[in-house]
Amino acid sequence: MSYCVAIDGPAGAGKSTIAKKIAKQMGLVYVDTGAMYRALALFMIRNGIATDDLESMNTRCEEADITIRYENGEQVVYLNGENVNAYLRTEEVGNMASVSSTQPNVRKKLVSLQKELAKTTDVIMDGRDIGTCVLPDADVKIYLTADSAVRAKRRYDELTAKGITCDLDEIEKDIIDRDHRDMTREESPLRQALDAILVDSSYMTIDEVVETIIKICEEKRGN
Ligand code: DC
């Protein structure tokens, strides 16, 4: 049986940065499930589907073939045979993903792909419903969060460092809106699994969070 670590939490809590580091240190494969939802969102945008046209999102996701490969240790997402990694990290795609991921057919399609990946591989998987729905029997479940103001400031610094002009208040508003959508949707909303351990990264460095989670994994393994 494969070994699985599940990390859930709101946008901007640092899940992917931290999961990548833990994957390296613990010899696990990092599975970024948000990238899969983003690839389907990109498909919707490219096909001119409006952000309020939920019905089309639910039916047309059947036309999108999503495959995952690992190239030089990096997860690469293919959308109908095209490597789309370079297009996934924009705000437009993130916002569309937050909407299209509310649709049952979108979730069904990606959850089965994620379950399949974890069957045969030791993974650390991050997302919103990993501990509650995708890997309910994960060996370790972490709920990683941080204050919305702290998450907004991190995002602001990231964008500013890239030379992108942005507004801190607007970023925080966006984060709060996305949290609300992710937490209140009907289909597997974001919530802490009963057996997940809460880690609040608001006042912790990346290395401190990594160390804390690895320690939790080691303690659980020891048991
Ligand atoms: O983690 P991210 O920002 O890349 O995720 C983008 C959106 O995808 C997020 O707003 C909600 C959705 N998502 C989801 O519903 N379930 C997951 N397991 C991962 C992401």
# chains A, B, ... in the order shown; residues from 1 in each chain; ligands from 1
>>> residues_near_ligand(ligand="ligand 1", cutoff="6 Å", atoms="only C-alpha atoms and all ligand atoms", output="mmCIF file with C-alpha atoms, in the first residue's frame")
data_model
loop_
_atom_site.group_PDB
_atom_site.id
_atom_site.type_symbol
_atom_site.label_atom_id
_atom_site.label_comp_id
_atom_site.auth_asym_id
_atom_site.auth_seq_id
_atom_site.Cartn_x
_atom_site.Cartn_y
_atom_site.Cartn_z
ATOM 1 C CA ALA A 11 -5.679 29.761 -1.190
ATOM 2 C CA THR A 33 -4.525 19.036 -7.523
ATOM 3 C CA GLY A 34 -5.210 22.782 -7.894
ATOM 4 C CA ALA A 35 -3.261 22.652 -11.170
ATOM 5 C CA TYR A 37 -8.721 22.262 -11.634
ATOM 6 C CA ARG A 38 -6.866 25.177 -13.218
ATOM 7 C CA GLY A 94 -7.541 30.791 -10.520
ATOM 8 C CA ALA A 97 -11.102 27.300 -11.283
ATOM 9 C CA SER A 98 -12.770 28.382 -8.053
ATOM 10 C CA SER A 101 -14.621 23.344 -9.345
ATOM 11 C CA GLY A 127 -5.882 20.780 -2.425
ATOM 12 C CA ARG A 128 -9.192 21.490 -0.708
ATOM 13 C CA ASP A 129 -10.808 18.048 -0.297
ATOM 14 C CA ILE A 130 -7.869 15.659 -0.111
ATOM 15 C CA ARG A 178 -12.407 32.659 -3.008
ATOM 16 C CA ASP A 182 -14.460 27.135 -1.665
#
>>> closest_atom_pairs(of="stretch 151-218 of chain A", to="stretch 12-16 of chain A", cutoff="9 Å", atoms="only C-alpha atoms", output="tab-separated table")
residue	atom	partner	partner_atom	distance
A:Arg151	CA	A:Gly12	CA	5.2
A:Ala152	CA	A:Gly12	CA	7.5
A:Arg154	CA	A:Gly12	CA	7.6
A:Arg155	CA	A:Gly12	CA	7.1
A:Ile175	CA	A:Gly12	CA	8.0
A:Asp200	CA	A:Ala13	CA	8.5
A:Ser201	CA	A:Ala13	CA	7.1
A:Ser202	CA	A:Ala13	CA	8.2
A:Ile206	CA	A:Gly14	CA	8.0
>>> atom_distance(atom1="atom CA of A:Arg89", atom2="atom CA of A:Met36")
11.4 Å
>>> select_by_dssp(residues="stretch 5-223 of chain A", states="strand (DSSP E or B)", output="number ranges by chain")
A: 5-8, 29-32, 66-71, 74-79, 82-83, 123-127, 140-145, 197-200
>>> write_last_selection(atoms="N, CA, C and O atoms", output="compact mmCIF listing (two decimals), in the first residue's frame")
# COMPACT_ATOMS: atom_id res chain seq x y z
N VAL A 5 0.29 11.58 2.20
CA VAL A 5 0.13 12.75 3.06
C VAL A 5 -0.83 13.70 2.36
O VAL A 5 -0.64 14.02 1.19
N ALA A 6 -1.88 14.13 3.08
CA ALA A 6 -2.88 15.05 2.50
C ALA A 6 -2.72 16.42 3.14
O ALA A 6 -2.63 16.53 4.36
N ILE A 7 -2.64 17.45 2.29
CA ILE A 7 -2.57 18.83 2.81
C ILE A 7 -3.71 19.64 2.21
O ILE A 7 -3.76 19.83 0.98
N ASP A 8 -4.62 20.09 3.05
CA ASP A 8 -5.70 20.95 2.58
C ASP A 8 -5.58 22.32 3.23
O ASP A 8 -4.93 22.48 4.27
N VAL A 29 6.12 11.84 -4.08
CA VAL A 29 5.76 12.57 -5.30
C VAL A 29 4.75 13.64 -4.91
O VAL A 29 3.77 13.37 -4.23
N TYR A 30 5.02 14.88 -5.33
CA TYR A 30 4.11 15.98 -5.02
C TYR A 30 3.00 16.05 -6.07
O TYR A 30 3.27 16.19 -7.26
N VAL A 31 1.76 15.95 -5.62
CA VAL A 31 0.62 16.05 -6.55
C VAL A 31 -0.14 17.35 -6.25
O VAL A 31 -0.72 17.52 -5.18
N ASP A 32 -0.12 18.27 -7.22
CA ASP A 32 -0.77 19.57 -7.10
C ASP A 32 -2.15 19.46 -7.76
O ASP A 32 -2.28 19.53 -8.98
N ILE A 66 -7.52 15.43 -19.29
CA ILE A 66 -6.44 15.91 -18.42
C ILE A 66 -5.52 14.73 -18.08
O ILE A 66 -6.00 13.71 -17.60
N THR A 67 -4.23 14.90 -18.34
CA THR A 67 -3.27 13.86 -17.95
C THR A 67 -2.12 14.52 -17.19
O THR A 67 -1.81 15.68 -17.43
N ILE A 68 -1.55 13.74 -16.29
CA ILE A 68 -0.45 14.23 -15.47
C ILE A 68 0.78 13.41 -15.78
O ILE A 68 0.71 12.18 -15.85
N ARG A 69 1.91 14.10 -15.97
CA ARG A 69 3.18 13.36 -16.11
C ARG A 69 4.20 14.02 -15.21
O ARG A 69 4.05 15.17 -14.84
N TYR A 70 5.23 13.30 -14.88
CA TYR A 70 6.31 13.86 -14.07
C TYR A 70 7.55 13.93 -14.94
O TYR A 70 8.03 12.92 -15.43
N GLU A 71 8.01 15.16 -15.18
CA GLU A 71 9.18 15.38 -16.04
C GLU A 71 10.21 16.14 -15.22
O GLU A 71 9.93 17.22 -14.71
N GLU A 74 9.11 17.41 -11.90
CA GLU A 74 8.04 18.42 -11.88
C GLU A 74 6.74 17.83 -12.42
O GLU A 74 6.78 17.07 -13.40
N GLN A 75 5.62 18.21 -11.81
CA GLN A 75 4.33 17.77 -12.33
C GLN A 75 3.99 18.60 -13.58
O GLN A 75 4.03 19.83 -13.55
N VAL A 76 3.66 17.91 -14.67
CA VAL A 76 3.27 18.61 -15.89
C VAL A 76 1.83 18.20 -16.21
O VAL A 76 1.50 17.02 -16.21
N VAL A 77 0.97 19.21 -16.44
CA VAL A 77 -0.43 18.92 -16.74
C VAL A 77 -0.65 19.07 -18.24
O VAL A 77 -0.28 20.10 -18.84
N TYR A 78 -1.22 18.03 -18.84
CA TYR A 78 -1.55 18.06 -20.27
C TYR A 78 -3.06 18.21 -20.43
O TYR A 78 -3.83 17.49 -19.82
N LEU A 79 -3.45 19.19 -21.23
CA LEU A 79 -4.86 19.41 -21.57
C LEU A 79 -5.02 19.04 -23.03
O LEU A 79 -4.42 19.69 -23.90
N GLU A 82 -1.75 18.91 -24.79
CA GLU A 82 -0.86 20.09 -24.76
C GLU A 82 -0.36 20.35 -23.34
O GLU A 82 -1.16 20.36 -22.40
N ASN A 83 0.93 20.58 -23.19
CA ASN A 83 1.49 20.96 -21.89
C ASN A 83 1.03 22.40 -21.58
O ASN A 83 1.42 23.34 -22.26
N VAL A 123 2.67 9.58 -2.12
CA VAL A 123 2.42 10.97 -2.52
C VAL A 123 2.22 11.93 -1.35
O VAL A 123 1.81 11.52 -0.26
N ILE A 124 2.50 13.20 -1.62
CA ILE A 124 1.98 14.29 -0.79
C ILE A 124 1.10 15.09 -1.73
O ILE A 124 1.56 15.55 -2.78
N MET A 125 -0.18 15.15 -1.41
CA MET A 125 -1.16 15.75 -2.33
C MET A 125 -1.78 16.95 -1.66
O MET A 125 -2.18 16.87 -0.51
N ASP A 126 -1.84 18.09 -2.36
CA ASP A 126 -2.49 19.24 -1.74
C ASP A 126 -3.70 19.70 -2.52
O ASP A 126 -3.82 19.44 -3.72
N GLY A 127 -4.65 20.33 -1.79
CA GLY A 127 -5.88 20.78 -2.43
C GLY A 127 -6.87 21.30 -1.40
O GLY A 127 -6.48 21.97 -0.44
N VAL A 140 -1.31 10.72 6.89
CA VAL A 140 -1.22 11.98 7.64
C VAL A 140 -2.11 13.00 6.94
O VAL A 140 -2.09 13.10 5.71
N LYS A 141 -2.88 13.75 7.75
CA LYS A 141 -3.71 14.82 7.18
C LYS A 141 -3.37 16.14 7.88
O LYS A 141 -3.38 16.19 9.11
N ILE A 142 -3.08 17.14 7.07
CA ILE A 142 -2.74 18.45 7.61
C ILE A 142 -3.73 19.46 7.06
O ILE A 142 -4.07 19.43 5.87
N TYR A 143 -4.20 20.37 7.92
CA TYR A 143 -5.00 21.50 7.46
C TYR A 143 -4.14 22.74 7.67
O TYR A 143 -3.88 23.15 8.80
N LEU A 144 -3.64 23.29 6.55
CA LEU A 144 -2.69 24.40 6.62
C LEU A 144 -3.41 25.70 6.31
O LEU A 144 -4.00 25.86 5.24
N THR A 145 -3.36 26.62 7.26
CA THR A 145 -4.06 27.89 7.04
C THR A 145 -3.19 29.07 7.48
O THR A 145 -2.09 28.88 8.01
N ILE A 197 -4.61 17.56 11.30
CA ILE A 197 -3.93 18.40 12.30
C ILE A 197 -3.82 19.81 11.74
O ILE A 197 -3.40 20.01 10.59
N LEU A 198 -4.23 20.79 12.54
CA LEU A 198 -4.24 22.18 12.11
C LEU A 198 -2.85 22.80 12.26
O LEU A 198 -2.24 22.71 13.33
N VAL A 199 -2.35 23.40 11.17
CA VAL A 199 -1.09 24.15 11.24
C VAL A 199 -1.38 25.55 10.73
O VAL A 199 -1.83 25.72 9.60
N ASP A 200 -1.18 26.56 11.58
CA ASP A 200 -1.41 27.95 11.18
C ASP A 200 -0.05 28.58 10.87
O ASP A 200 0.78 28.74 11.77
>>> closest_residue(among="A:Cys61, A:Asp147, A:Asp137, A:Ile213", to="A:Lys108", atoms="only C-alpha atoms")
A:Cys61
>>> residues_around(residues="A:Glu170", least_positions_apart="5", cutoff="12 Å", atoms="only C-alpha atoms", output="number ranges by chain")
A: 91, 148-149, 152-153, 155-156, 165, 175-177
>>> write_last_selection(atoms="N, CA and C atoms", output="mmCIF file, in the first residue's frame")
data_model
loop_
_atom_site.group_PDB
_atom_site.id
_atom_site.type_symbol
_atom_site.label_atom_id
_atom_site.label_comp_id
_atom_site.auth_asym_id
_atom_site.auth_seq_id
_atom_site.Cartn_x
_atom_site.Cartn_y
_atom_site.Cartn_z
ATOM 1 N N GLU A 91 -4.449 34.987 -12.253
ATOM 2 C CA GLU A 91 -5.623 35.245 -11.405
ATOM 3 C C GLU A 91 -6.897 34.832 -12.140
ATOM 4 N N SER A 148 -6.120 35.842 6.494
ATOM 5 C CA SER A 148 -6.286 36.324 5.110
ATOM 6 C C SER A 148 -5.374 37.521 4.820
ATOM 7 N N ALA A 149 -5.138 38.382 5.827
ATOM 8 C CA ALA A 149 -4.271 39.554 5.608
ATOM 9 C C ALA A 149 -2.832 39.099 5.331
ATOM 10 N N ALA A 152 -2.711 37.616 1.834
ATOM 11 C CA ALA A 152 -2.771 38.680 0.824
ATOM 12 C C ALA A 152 -1.410 39.355 0.690
ATOM 13 N N LYS A 153 -0.761 39.617 1.821
ATOM 14 C CA LYS A 153 0.551 40.285 1.799
ATOM 15 C C LYS A 153 1.587 39.407 1.089
ATOM 16 N N ARG A 155 1.018 37.204 -1.300
ATOM 17 C CA ARG A 155 0.684 37.252 -2.730
ATOM 18 C C ARG A 155 1.125 38.592 -3.334
ATOM 19 N N TYR A 156 0.898 39.671 -2.565
ATOM 20 C CA TYR A 156 1.269 41.021 -3.004
ATOM 21 C C TYR A 156 2.796 41.080 -3.213
ATOM 22 N N THR A 165 2.233 45.504 -10.905
ATOM 23 C CA THR A 165 1.598 46.463 -10.000
ATOM 24 C C THR A 165 0.273 45.872 -9.519
ATOM 25 N N ILE A 175 -9.087 37.024 -2.107
ATOM 26 C CA ILE A 175 -8.792 35.841 -1.285
ATOM 27 C C ILE A 175 -10.011 35.491 -0.417
ATOM 28 N N ILE A 176 -10.626 36.517 0.170
ATOM 29 C CA ILE A 176 -11.792 36.280 1.035
ATOM 30 C C ILE A 176 -12.964 35.724 0.210
ATOM 31 N N ASP A 177 -13.143 36.282 -1.001
ATOM 32 C CA ASP A 177 -14.216 35.791 -1.893
ATOM 33 C C ASP A 177 -13.975 34.333 -2.251
#
>>> residues_around(residues="A:Tyr3", least_positions_apart="2", cutoff="8 Å", atoms="only C-alpha atoms", output="ChimeraX atom specification")
/A:1,5,121-123,138-139
>>> select_by_dssp(residues="stretch 96-163 of chain A", states="helix (DSSP H, G or I)", output="number ranges by chain")
A: 96-100, 104-120, 130-134, 148-161
>>> closest_residue(among="A:Thr205, A:Cys4, A:Thr90, A:Ser56", to="A:Val134", atoms="only C-alpha atoms")
A:Cys4
>>> closest_residue(among="A:Ile214, A:Cys133, A:Ile45, A:Ala146", to="A:Pro189", atoms="only C-alpha atoms")
A:Cys133
>>> atom_distance(atom1="atom CA of A:Val106", atom2="atom CA of A:Ala19")
23.9 Å
>>> atom_distance(atom1="atom CA of A:Ala50", atom2="atom CA of A:Gly81")
23.8 Å
